>>> print(open('structure35.cif').read())   # mmCIF, C-alpha atoms
data_start
#
loop_
_atom_site.label_atom_id
_atom_site.label_comp_id
_atom_site.auth_asym_id
_atom_site.auth_seq_id
_atom_site.Cartn_x
_atom_site.Cartn_y
_atom_site.Cartn_z
CA MET A 1 104.54 66.79 151.02
CA PHE A 2 103.52 63.33 152.27
CA ARG A 3 105.49 61.65 149.46
CA SER A 4 108.61 63.69 150.27
CA ARG A 5 108.43 62.62 153.92
CA ILE A 6 108.23 58.98 152.89
CA ILE A 7 111.27 59.40 150.63
CA ASP A 8 113.19 61.19 153.40
CA ARG A 9 112.48 58.42 155.91
CA TYR A 10 113.37 55.74 153.38
CA ILE A 11 116.74 57.31 152.49
CA MET A 12 117.47 57.96 156.16
CA ARG A 13 116.97 54.27 156.93
CA GLU A 14 119.36 53.43 154.11
CA LEU A 15 121.96 55.72 155.71
CA LEU A 16 121.75 54.58 159.33
CA ALA A 17 122.83 50.94 158.97
CA PRO A 18 126.10 51.57 157.04
CA PHE A 19 126.79 54.64 159.17
CA PHE A 20 126.76 52.82 162.51
CA LEU A 21 128.51 49.79 161.03
CA SER A 22 131.26 52.04 159.69
CA ILE A 23 131.66 53.81 163.04
CA ALA A 24 131.97 50.47 164.81
CA VAL A 25 134.57 49.13 162.38
CA LEU A 26 136.66 52.32 162.25
CA THR A 27 136.58 52.86 166.01
CA LEU A 28 137.58 49.25 166.61
CA ALA A 29 140.47 49.65 164.15
CA LEU A 30 141.70 52.73 166.02
CA PHE A 31 141.30 50.95 169.35
CA LEU A 32 143.44 48.06 168.16
CA GLN A 33 146.33 50.47 167.63
CA LYS A 34 146.16 51.38 171.33
CA MET A 35 145.50 47.89 172.65
CA PHE A 36 149.14 46.77 172.50
CA ARG A 37 150.26 49.67 174.71
CA LEU A 38 147.38 49.15 177.13
CA THR A 39 148.11 45.44 177.27
CA GLU A 40 151.67 46.29 178.23
CA LEU A 41 150.39 48.55 181.02
CA VAL A 42 148.20 45.76 182.37
CA LEU A 43 150.62 42.85 182.06
CA SER A 44 154.06 44.35 182.70
CA LYS A 45 153.38 47.53 184.66
CA GLY A 46 150.88 46.23 187.16
CA SER A 47 147.90 48.32 186.02
CA THR A 48 144.36 47.07 186.43
CA LEU A 49 141.88 46.34 183.67
CA ALA A 50 139.57 49.02 185.05
CA ALA A 51 142.33 51.64 184.84
CA ALA A 52 143.13 50.62 181.26
CA GLY A 53 139.41 50.72 180.43
CA LYS A 54 139.22 54.33 181.61
CA LEU A 55 142.04 55.23 179.25
CA LEU A 56 140.04 53.76 176.38
CA LEU A 57 137.02 55.78 177.47
CA TYR A 58 139.03 59.01 177.50
CA ILE A 59 140.39 58.53 173.97
CA MET A 60 136.92 57.76 172.57
CA PRO A 61 135.97 61.43 171.82
CA GLY A 62 139.12 61.93 169.79
CA PHE A 63 138.31 58.80 167.79
CA LEU A 64 134.69 59.86 167.19
CA ALA A 65 135.75 63.27 165.86
CA ILE A 66 137.57 61.39 163.10
CA THR A 67 135.23 58.47 162.48
CA ILE A 68 131.90 60.35 162.36
CA PRO A 69 132.62 62.35 159.14
CA ILE A 70 134.25 59.34 157.47
CA SER A 71 131.31 57.10 158.42
CA LEU A 72 128.87 59.64 156.97
CA LEU A 73 130.68 59.56 153.63
CA VAL A 74 130.76 55.76 153.62
CA ALA A 75 127.05 55.65 154.51
CA ALA A 76 126.01 58.13 151.80
CA LEU A 77 128.07 56.44 149.11
CA THR A 78 126.96 52.95 150.12
CA ALA A 79 123.29 53.91 150.34
CA PHE A 80 123.13 55.72 146.99
CA THR A 81 125.26 53.09 145.26
CA ARG A 82 122.74 50.49 146.41
CA LEU A 83 119.78 52.64 145.34
CA SER A 84 121.40 53.25 141.98
CA SER A 85 122.35 49.62 141.33
CA ASP A 86 118.82 48.46 142.18
CA SER A 87 117.33 51.09 139.80
CA GLU A 88 115.54 52.81 142.66
CA VAL A 89 117.12 56.13 141.71
CA THR A 90 115.73 55.64 138.20
CA ALA A 91 112.30 54.96 139.68
CA MET A 92 112.50 58.15 141.71
CA LYS A 93 113.48 60.10 138.60
CA ALA A 94 110.50 58.63 136.77
CA SER A 95 108.33 59.83 139.66
CA ARG A 96 109.79 63.33 139.10
CA ILE A 97 111.76 63.34 142.37
CA SER A 98 114.84 65.50 141.91
CA LEU A 99 118.34 64.68 143.11
CA TYR A 100 118.10 67.64 145.46
CA ALA A 101 115.09 66.04 147.13
CA MET A 102 117.11 62.84 147.52
CA VAL A 103 120.06 64.73 148.97
CA ARG A 104 117.91 66.66 151.47
CA PRO A 105 117.75 63.90 154.15
CA VAL A 106 121.50 63.32 153.72
CA MET A 107 122.25 66.99 154.40
CA GLN A 108 119.84 67.02 157.35
CA PHE A 109 121.69 64.04 158.81
CA ALA A 110 125.02 65.72 157.96
CA PHE A 111 123.98 68.91 159.79
CA ILE A 112 123.07 66.93 162.92
CA LEU A 113 126.44 65.16 162.78
CA PHE A 114 128.13 68.53 162.19
CA ILE A 115 126.69 69.82 165.49
CA ILE A 116 127.68 66.64 167.33
CA THR A 117 131.20 66.63 165.89
CA SER A 118 131.63 70.34 166.67
CA VAL A 119 130.76 69.74 170.34
CA ILE A 120 133.17 66.80 170.45
CA ALA A 121 136.06 68.55 168.67
CA HIS A 122 135.75 71.88 170.48
CA PHE A 123 134.86 70.75 174.00
CA LEU A 124 134.65 67.02 174.77
CA ALA A 125 137.89 65.90 173.12
CA PRO A 126 140.12 68.56 174.78
CA HIS A 127 138.74 67.78 178.25
CA ALA A 128 139.06 64.07 177.53
CA ASN A 129 142.71 64.60 176.54
CA HIS A 130 143.40 66.26 179.88
CA ALA A 131 141.51 63.57 181.78
CA PHE A 132 143.49 60.92 179.88
CA LYS A 133 146.82 62.42 180.95
CA ALA A 134 145.64 62.97 184.53
CA HIS A 135 144.48 59.36 184.77
CA LEU A 136 147.70 58.16 183.19
CA PHE A 137 149.61 60.14 185.80
CA ASN A 138 147.64 58.44 188.57
CA MET A 139 148.70 55.13 187.05
CA VAL A 140 152.25 56.45 186.97
CA LYS A 141 152.07 57.23 190.69
CA SER A 142 150.96 53.68 191.32
CA ARG A 143 153.88 52.52 189.22
CA ALA A 144 156.22 54.68 191.34
CA MET A 145 154.81 53.21 194.53
CA ILE A 146 155.38 49.70 193.16
CA GLY A 147 158.97 50.68 192.45
CA LEU A 148 159.44 51.60 196.12
CA ASP A 149 158.01 48.53 197.81
CA GLN A 150 160.03 47.78 200.91
CA GLY A 151 162.37 44.81 200.86
CA VAL A 152 162.06 44.34 197.08
CA PHE A 153 164.59 45.06 194.34
CA SER A 154 162.53 46.63 191.58
CA SER A 155 163.43 47.61 188.01
CA THR A 156 160.13 49.31 187.31
CA PHE A 157 161.86 52.42 186.02
CA ASP A 158 163.95 51.88 182.91
CA GLY A 159 167.69 51.77 183.61
CA MET A 160 167.33 51.82 187.42
CA VAL A 161 167.09 49.28 190.21
CA ILE A 162 165.50 50.63 193.40
CA TYR A 163 165.46 49.04 196.85
CA VAL A 164 164.08 50.46 200.09
CA ASP A 165 164.50 48.86 203.49
CA LYS A 166 161.40 50.35 205.09
CA MET A 167 158.50 52.40 203.76
CA ASN A 168 155.87 53.41 206.30
CA SER A 169 154.36 55.86 203.82
CA LEU A 170 155.40 57.87 200.77
CA ASP A 171 156.67 60.56 203.16
CA ASP A 172 158.58 58.15 205.40
CA ILE A 173 161.09 55.99 203.50
CA SER A 174 164.38 54.72 204.93
CA GLY A 175 167.32 52.61 203.73
CA ILE A 176 167.31 53.67 200.06
CA PHE A 177 169.52 51.93 197.48
CA ILE A 178 169.50 52.99 193.82
CA SER A 179 171.59 51.58 190.98
CA ASP A 180 171.32 53.91 187.98
CA GLU A 181 172.71 52.66 184.67
CA ARG A 182 170.88 55.00 182.33
CA SER A 183 174.25 56.48 181.40
CA ALA A 184 176.37 53.60 180.08
CA SER A 185 179.63 55.58 180.42
CA GLU A 186 179.13 56.60 184.08
CA PRO A 187 176.80 54.32 186.05
CA TYR A 188 176.39 55.27 189.67
CA THR A 189 174.92 54.00 192.91
CA ILE A 190 173.05 56.08 195.50
CA LEU A 191 172.72 55.19 199.17
CA ALA A 192 170.52 57.34 201.40
CA LYS A 193 169.31 56.99 204.99
CA GLN A 194 165.85 58.39 204.39
CA GLY A 195 163.67 60.08 201.86
CA LYS A 196 160.18 60.67 200.52
CA LEU A 197 158.30 60.58 197.25
CA ILE A 198 156.77 63.77 195.82
CA THR A 199 154.24 63.70 192.98
CA ASN A 200 153.21 66.92 191.26
CA PRO A 201 149.92 66.73 189.34
CA ASP A 202 150.44 70.22 187.86
CA ASN A 203 153.42 69.20 185.75
CA PHE A 204 152.99 65.41 186.03
CA SER A 205 156.36 64.77 187.67
CA VAL A 206 157.52 62.17 190.21
CA THR A 207 160.55 63.06 192.35
CA LEU A 208 162.38 61.09 195.03
CA VAL A 209 163.75 63.44 197.71
CA MET A 210 166.64 61.89 199.72
CA GLU A 211 168.58 62.97 202.82
CA GLN A 212 172.01 62.03 204.23
CA GLY A 213 173.29 59.97 201.37
CA THR A 214 176.31 59.14 199.21
CA ILE A 215 176.85 58.78 195.46
CA HIS A 216 179.30 56.17 194.20
CA VAL A 217 180.50 56.70 190.61
CA GLN A 218 182.80 54.37 188.70
CA PRO A 219 183.32 55.46 185.10
CA HIS A 220 184.07 52.74 182.57
CA THR A 221 186.61 54.86 180.71
CA ASP A 222 189.48 55.68 183.10
CA GLY A 223 188.63 53.35 186.00
CA VAL A 224 188.59 56.21 188.54
CA TYR A 225 186.24 55.67 191.46
CA SER A 226 184.64 58.73 193.05
CA LEU A 227 182.58 59.14 196.19
CA MET A 228 180.35 62.12 196.96
CA SER A 229 178.13 62.78 199.94
CA PHE A 230 175.07 64.99 200.23
CA ASP A 231 172.74 66.20 202.93
CA ALA A 232 169.78 66.54 200.58
CA GLY A 233 169.26 65.43 197.01
CA ARG A 234 166.54 64.91 194.42
CA LEU A 235 166.15 62.25 191.78
CA PHE A 236 163.61 62.77 189.02
CA LEU A 237 161.95 59.49 188.06
CA ASN A 238 161.61 59.73 184.31
CA ILE A 239 158.25 58.28 183.31
CA ASP A 240 157.46 59.49 179.79
CA GLU A 241 158.41 63.06 179.06
CA ALA A 242 156.62 63.10 175.71
CA SER A 243 153.29 62.11 177.24
CA PHE A 244 153.26 64.90 179.80
CA LYS A 245 155.00 67.72 177.93
CA ARG A 246 153.47 71.11 178.59
CA SER A 247 153.17 73.95 176.13
CA ASP A 248 151.29 76.81 177.75
CA ALA A 249 151.51 78.86 180.90
CA ALA A 250 148.31 77.44 182.33
CA GLY A 251 149.93 74.01 182.59
CA ARG A 252 147.99 72.36 179.74
CA ASN A 253 148.78 71.44 176.18
CA ILE A 254 146.78 73.32 173.59
CA ASP A 255 145.02 70.08 172.68
CA GLU A 256 143.73 69.93 176.28
CA LEU A 257 142.11 73.39 176.12
CA ASP A 258 138.55 73.67 174.91
CA SER A 259 138.03 76.18 172.14
CA LEU A 260 136.86 78.98 174.44
CA ALA A 261 139.95 78.63 176.65
CA LEU A 262 142.10 78.26 173.55
CA TYR A 263 140.68 81.48 172.11
CA ARG A 264 141.35 83.34 175.37
CA SER A 265 144.93 82.06 175.47
CA TRP A 266 145.28 83.02 171.82
CA ARG A 267 144.20 86.62 172.55
CA VAL A 268 146.49 86.90 175.56
CA ALA A 269 149.46 85.57 173.62
CA ARG A 270 148.77 87.91 170.71
CA ALA A 271 148.49 90.89 173.07
CA GLU A 272 151.85 89.93 174.61
CA LYS A 273 153.32 89.50 171.09
CA LYS A 274 154.02 85.81 171.67
CA PRO A 275 153.84 83.17 168.91
CA THR A 276 150.27 82.04 168.27
CA LYS A 277 150.74 79.86 165.18
CA ASP A 278 150.25 76.56 167.02
CA MET A 279 147.04 77.82 168.63
CA GLU A 280 145.66 79.05 165.31
CA ILE A 281 146.45 75.75 163.60
CA GLU A 282 144.80 73.78 166.42
CA PHE A 283 141.65 75.93 166.32
CA GLN A 284 141.35 75.73 162.53
CA LYS A 285 141.93 71.98 162.66
CA ARG A 286 138.94 71.60 164.97
CA MET A 287 136.81 73.72 162.64
CA SER A 288 137.85 71.58 159.68
CA VAL A 289 137.11 68.30 161.50
CA SER A 290 133.48 69.27 162.05
CA TYR A 291 133.09 70.90 158.61
CA ALA A 292 134.09 67.59 157.01
CA CYS A 293 130.60 66.28 157.89
CA LEU A 294 128.98 68.86 155.60
CA VAL A 295 131.44 68.27 152.75
CA PHE A 296 131.17 64.50 152.89
CA GLY A 297 127.38 64.66 153.12
CA LEU A 298 127.25 66.95 150.08
CA ILE A 299 129.56 64.87 147.89
CA GLY A 300 128.50 61.38 148.99
CA ALA A 301 125.11 61.13 147.28
CA PRO A 302 126.06 62.30 143.76
CA LEU A 303 129.19 60.15 143.83
CA GLY A 304 127.08 57.10 144.67
CA ILE A 305 124.70 57.54 141.73
CA ARG A 306 126.11 55.71 138.69
CA LYS A 307 124.71 53.90 135.69
CA SER A 308 126.64 50.67 136.24
CA ARG A 309 125.45 47.96 138.63
CA SER A 310 128.53 47.95 140.83
CA GLY A 311 127.02 47.26 144.25
CA LYS A 312 128.03 48.44 147.74
CA SER A 313 131.70 47.54 147.39
CA ALA A 314 132.17 50.25 144.76
CA GLY A 315 130.78 52.84 147.19
CA ILE A 316 133.27 51.81 149.85
CA ALA A 317 136.15 51.92 147.35
CA ILE A 318 135.19 55.41 146.16
CA SER A 319 134.79 56.64 149.73
CA ILE A 320 138.32 55.48 150.56
CA GLY A 321 139.64 57.43 147.59
CA VAL A 322 137.73 60.59 148.55
CA ILE A 323 138.91 60.34 152.17
CA LEU A 324 142.54 59.92 151.09
CA VAL A 325 142.38 62.90 148.73
CA TYR A 326 140.59 65.11 151.27
CA TYR A 327 142.94 64.49 154.18
CA LEU A 328 146.01 64.50 151.93
CA VAL A 329 145.10 67.97 150.67
CA LEU A 330 144.38 69.23 154.19
CA GLY A 331 147.59 67.65 155.54
CA THR A 332 149.67 69.30 152.83
CA ALA A 333 148.02 72.66 153.53
CA ALA A 334 148.67 72.23 157.27
CA ARG A 335 152.38 71.74 156.57
CA PHE A 336 152.35 75.00 154.61
CA ALA A 337 150.78 76.68 157.64
CA GLU A 338 153.39 75.22 160.00
CA SER A 339 156.19 76.46 157.76
CA GLY A 340 154.68 79.96 157.62
CA ALA A 341 153.98 79.89 153.88
CA LEU A 342 150.23 80.24 154.53
CA SER A 343 148.15 81.49 157.41
CA ALA A 344 146.29 78.86 159.41
CA ALA A 345 142.92 80.09 158.13
CA ALA A 346 144.03 80.09 154.48
CA ALA A 347 145.64 76.66 154.78
CA THR A 348 142.38 75.28 156.18
CA TRP A 349 139.68 76.99 154.16
CA ILE A 350 141.24 77.26 150.70
CA PRO A 351 141.32 73.41 150.38
CA ASN A 352 137.91 73.14 152.03
CA GLY A 353 136.53 75.77 149.67
CA LEU A 354 137.91 73.98 146.61
CA ILE A 355 136.54 70.62 147.74
CA THR A 356 133.16 72.19 148.52
CA ALA A 357 133.08 73.80 145.06
CA ALA A 358 133.89 70.42 143.49
CA ALA A 359 131.09 68.80 145.50
CA ILE A 360 128.58 71.46 144.41
CA ALA A 361 129.69 71.13 140.78
CA LEU A 362 129.24 67.36 140.92
CA LEU A 363 125.82 67.79 142.52
CA ILE A 364 124.74 70.19 139.77
CA LYS A 365 126.07 67.88 137.08
CA LYS A 366 124.12 64.95 138.49
CA GLY A 367 121.08 67.20 138.98
CA ASN A 368 121.09 68.16 135.30
CA GLU A 369 120.43 64.54 134.43
CA ILE A 370 117.01 64.88 136.06
CA TYR A 371 115.96 68.20 134.51
CA LEU A 372 114.04 69.24 137.60
CA GLY A 373 114.63 71.65 140.47
CA ILE A 374 117.28 74.35 140.50
CA GLY A 375 120.03 72.34 138.77
CA PRO A 376 119.25 73.31 135.14
CA ARG A 377 118.60 76.93 136.08
CA VAL A 378 121.91 77.18 137.94
CA SER A 379 123.66 75.54 135.00
CA ALA A 380 122.00 77.93 132.51
CA ILE A 381 123.10 80.93 134.57
CA ALA A 382 126.66 79.57 134.70
CA HIS A 383 126.69 79.05 130.89
CA SER A 384 125.34 82.56 130.34
CA LEU A 385 128.05 84.06 132.54
CA MET A 386 130.74 82.07 130.71
CA SER A 387 129.38 83.27 127.35
CA LEU A 388 129.42 86.89 128.51
CA PHE A 389 132.97 86.45 129.81
CA LYS A 390 134.15 85.01 126.46
CA LYS A 391 132.44 87.85 124.52
CA GLY A 392 134.15 90.37 126.80
CA GLN A 393 137.53 88.80 126.05
CA LYS A 394 136.95 88.98 122.27
CA THR A 395 135.92 92.64 122.43
CA PRO A 396 139.03 94.86 121.74
#
>>> encode(input="structure35.cif", output="structure tokens")
Amino acid sequence: MFRSRIIDRYIMRELLAPFFLSIAVLTLALFLQKMFRLTELVLSKGSTLAAAGKLLLYIMPGFLAITIPISLLVAALTAFTRLSSDSEVTAMKASRISLYAMVRPVMQFAFILFIITSVIAHFLAPHANHAFKAHLFNMVKSRAMIGLDQGVFSSTFDGMVIYVDKMNSLDDISGIFISDERSASEPYTILAKQGKLITNPDNFSVTLVMEQGTIHVQPHTDGVYSLMSFDAGRLFLNIDEASFKRSDAAGRNIDELDSLALYRSWRVARAEKKPTKDMEIEFQKRMSVSYACLVFGLIGAPLGIRKSRSGKSAGIAISIGVILVYYLVLGTAARFAESGALSAAAATWIPNGLITAAAIALLIKKGNEIYLGIGPRVSAIAHSLMSLFKKGQKTP
């Protein structure tokens, strides 16, 4: 018992360093993809560094849900590749320590990460997604206010130039001039005596309400000039429709609902005979994200044990291949689910089941090299069943 605890602590120490290093590298790589957009917000849109930093904080849970399972696989492969190349695995075998004893601390660590990733995927990440969009909308409101500074011609909004003579507050704006060239065939100019700005946090929209104005239109095609007047009019300031698109009646995207709220919406939609495919796919995707910790923990150790002295780089190369195969299979199955060829549950758990079976088979194969523990017994039972199956086929 004392020796097993020493081995567990030793293997756990071997796992922790590559695990946290991998998380740092992968998270930084994902952050760099977002940095260009955030830099644009800071430099060209007038946002502050603190506001951009909050956006990074809100996207962190989504990143961790991806990087934690991958980092576990990299850590397990790297640790056992190092132990194997330095003949420490051979020394443990000589001390009659089975592969299953070596894998035990990996699976304990994998189970802890499974719990953490489940909490992130099912609860933290959805709430962080909503907070991200709400914070982005607050930045959008600031952008709208900048576009309505009095006495300044501003092109903050793409395709439009806005000028206001006076702006005591967002509800008291006078002397509005707008040149809208978003439509190249029919650009128009709006003049209004007064107006106000309305922001709606429920649907993330910004609208300029104007009173007592005129619209001047001069099409490029026929050269006809038209003039229209209005007592009241509204102009929607298009920020980024894709970022704030809604997909459920509660006013949130399904990726902004935690799994309990998603399940309730799923039941309501099913009772009302509405489509639920997107909700099912989203829920199963979250289940699969957390389950990846268990699969990668199970397959990492036996893959890392090899006879050749290949070093840590081989473990990283193998982990990249396993990750590509795993997510390629899951991505292909998800497309089958989206097309209706498979149910969301089947598209998620058939590939996961096959990969888990492959991991168990590899673990048993590596365990047979030690001739201790349950590996040989499981293998003998499997051979006996195969022999009985072949005899049954030969019997007329």
>>> residues_around(input="structure35.cif", residues="Ser179 (chain A)", least_positions_apart="3", cutoff="6 Å", atoms="only C-alpha atoms", output="compact mmCIF listing (two decimals) with C-alpha atoms, in the frame of the given file")
# COMPACT_ATOMS: atom_id res chain seq x y z
CA MET A 160 167.33 51.82 187.42
CA VAL A 161 167.09 49.28 190.21
CA THR A 189 174.92 54.00 192.91
>>> atom_distance(input="structure35.cif", atom1="CA of Ser174 (chain A)", atom2="CA of Val217 (chain A)")
21.7 Å
>>> closest_residue(input="structure35.cif", among="A:Leu16, A:Leu99, A:Ala121, A:Ser85", to="Leu362 (chain A)", atoms="only C-alpha atoms")
A:Leu99
>>> atom_distance(input="structure35.cif", atom1="CA of Phe157 (chain A)", atom2="CA of Asp231 (chain A)")
24.4 Å
>>> closest_residue(input="structure35.cif", among="A:Ile299, A:Leu328, A:Ala337, A:Met287", to="Ala357 (chain A)", atoms="all atoms listed in the file")
A:Ile299
>>> residues_around(input="structure35.cif", residues="Asp149 (chain A)", least_positions_apart="4", cutoff="8 Å", atoms="all atoms listed in the file", output="list in words")
Met145, Ser154, Tyr163, Val164 and Met167 of chain A
>>> resolve_selection(input="structure35.cif", expression="the PyMOL selection byres ((chain A and resi 305) around 8)", output="MDAnalysis selection string")
chainID A and resid 80:81 83:84 89 301:304 306:307
>>> atom_distance(input="structure35.cif", atom1="CA of Leu30 (chain A)", atom2="CA of Lys285 (chain A)")
19.5 Å
>>> residues_around(input="structure35.cif", residues="Lys34 (chain A)", least_positions_apart="2", cutoff="12 Å", atoms="all atoms listed in the file", output="list in words")
Thr27, Leu28, Ala29, Leu30, Phe31, Leu32, Phe36, Arg37, Leu38, Thr39, Glu40, Leu41, Ala52, Gly53, Leu55, Leu56, Leu57, Ile59, Met60 and Phe63 of chain A
>>> resolve_selection(input="structure35.cif", expression="the PyMOL selection byres ((chain A and resi 26) around 12)", output="PyMOL selection string")
chain A and resi 18-25+27-33+60+63-72+74
>>> residues_around(input="structure35.cif", residues="Phe296 (chain A)", least_positions_apart="6", cutoff="10 Å", atoms="all atoms listed in the file", output="PyMOL selection string")
chain A and resi 69-77+106-107+110+319+322-323+326+355-356+359
>>> closest_residue(input="structure35.cif", among="A:Gly195, A:Pro187, A:Gly300, A:Gly340", to="Thr276 (chain A)", atoms="only C-alpha atoms")
A:Gly340
>>> closest_residue(input="structure35.cif", among="A:Arg264, A:Lys193, A:Arg335, A:Lys365", to="Met210 (chain A)", atoms="all atoms listed in the file")
A:Lys193
>>> closest_residue(input="structure35.cif", among="A:Pro105, A:Gly159, A:Pro126, A:Gly367", to="Leu237 (chain A)", atoms="only C-alpha atoms")
A:Gly159
>>> residues_around(input="structure35.cif", residues="Gly331 (chain A)", least_positions_apart="4", cutoff="12 Å", atoms="all atoms listed in the file", output="number ranges by chain")
A: 281, 285, 288, 323-327, 335-338, 344, 347-348, 351-352
>>> resolve_selection(input="structure35.cif", expression="the PyMOL selection byres ((chain A and resi 11) around 8)", output="PyMOL selection string")
chain A and resi 7-10+12-15+79+102+105-106
>>> closest_residue(input="structure35.cif", among="A:Ser4, A:Thr156, A:Ser229, A:Thr117", to="Ile97 (chain A)", atoms="only C-alpha atoms")
A:Ser4
>>> build_atoms(input="structure35.cif", residues="region 252-259 of chain A", atoms="all heavy atoms", output="CSV table (one decimal), keeping the file's coordinate frame")
chain,number,residue,atom,x,y,z
A,252,ARG,N,148.7,73.3,180.6
A,252,ARG,CA,148.0,72.4,179.7
A,252,ARG,C,148.5,72.5,178.3
A,252,ARG,O,148.9,73.6,177.9
A,252,ARG,CB,146.5,72.6,179.7
A,252,ARG,CG,145.8,72.2,181.0
A,252,ARG,CD,144.3,72.1,180.8
A,252,ARG,NE,143.5,71.8,182.0
A,252,ARG,CZ,142.3,71.4,182.0
A,252,ARG,NH1,141.6,71.4,180.9
A,252,ARG,NH2,141.6,71.2,183.1
A,253,ASN,N,148.5,71.4,177.6
A,253,ASN,CA,148.8,71.4,176.2
A,253,ASN,C,147.6,72.1,175.5
A,253,ASN,O,146.5,72.1,176.0
A,253,ASN,CB,148.9,70.0,175.6
A,253,ASN,CG,150.3,69.4,175.9
A,253,ASN,OD1,151.3,70.1,176.1
A,253,ASN,ND2,150.3,68.1,176.0
A,254,ILE,N,147.9,72.7,174.3
A,254,ILE,CA,146.8,73.3,173.6
A,254,ILE,C,145.7,72.3,173.2
A,254,ILE,O,144.5,72.7,173.0
A,254,ILE,CB,147.3,74.1,172.4
A,254,ILE,CG1,148.1,73.1,171.4
A,254,ILE,CG2,148.2,75.2,172.8
A,254,ILE,CD1,148.5,73.8,170.2
A,255,ASP,N,146.1,71.1,173.0
A,255,ASP,CA,145.0,70.1,172.7
A,255,ASP,C,144.2,69.7,173.9
A,255,ASP,O,143.2,68.9,173.7
A,255,ASP,CB,145.6,68.8,172.0
A,255,ASP,CG,146.5,68.1,173.0
A,255,ASP,OD1,147.0,68.7,174.0
A,255,ASP,OD2,146.8,66.9,172.7
A,256,GLU,N,144.5,70.2,175.1
A,256,GLU,CA,143.7,69.9,176.3
A,256,GLU,C,142.8,71.1,176.6
A,256,GLU,O,142.1,71.0,177.6
A,256,GLU,CB,144.6,69.6,177.5
A,256,GLU,CG,145.5,68.4,177.3
A,256,GLU,CD,146.5,68.2,178.4
A,256,GLU,OE1,146.0,68.2,179.6
A,256,GLU,OE2,147.7,68.2,178.2
A,257,LEU,N,142.9,72.2,175.9
A,257,LEU,CA,142.1,73.4,176.1
A,257,LEU,C,140.9,73.3,175.2
A,257,LEU,O,141.0,73.1,174.0
A,257,LEU,CB,142.9,74.7,175.8
A,257,LEU,CG,144.2,74.9,176.7
A,257,LEU,CD1,144.9,76.1,176.1
A,257,LEU,CD2,143.8,75.1,178.1
A,258,ASP,N,139.7,73.6,175.8
A,258,ASP,CA,138.6,73.7,174.9
A,258,ASP,C,138.7,74.9,174.1
A,258,ASP,O,139.5,75.8,174.4
A,258,ASP,CB,137.2,73.6,175.7
A,258,ASP,CG,137.1,74.8,176.7
A,258,ASP,OD1,137.2,75.9,176.3
A,258,ASP,OD2,136.9,74.5,177.9
A,259,SER,N,137.8,75.1,173.1
A,259,SER,CA,138.0,76.2,172.1
A,259,SER,C,137.9,77.6,172.8
A,259,SER,O,138.5,78.5,172.3
A,259,SER,CB,137.1,76.0,171.0
A,259,SER,OG,137.5,74.9,170.2
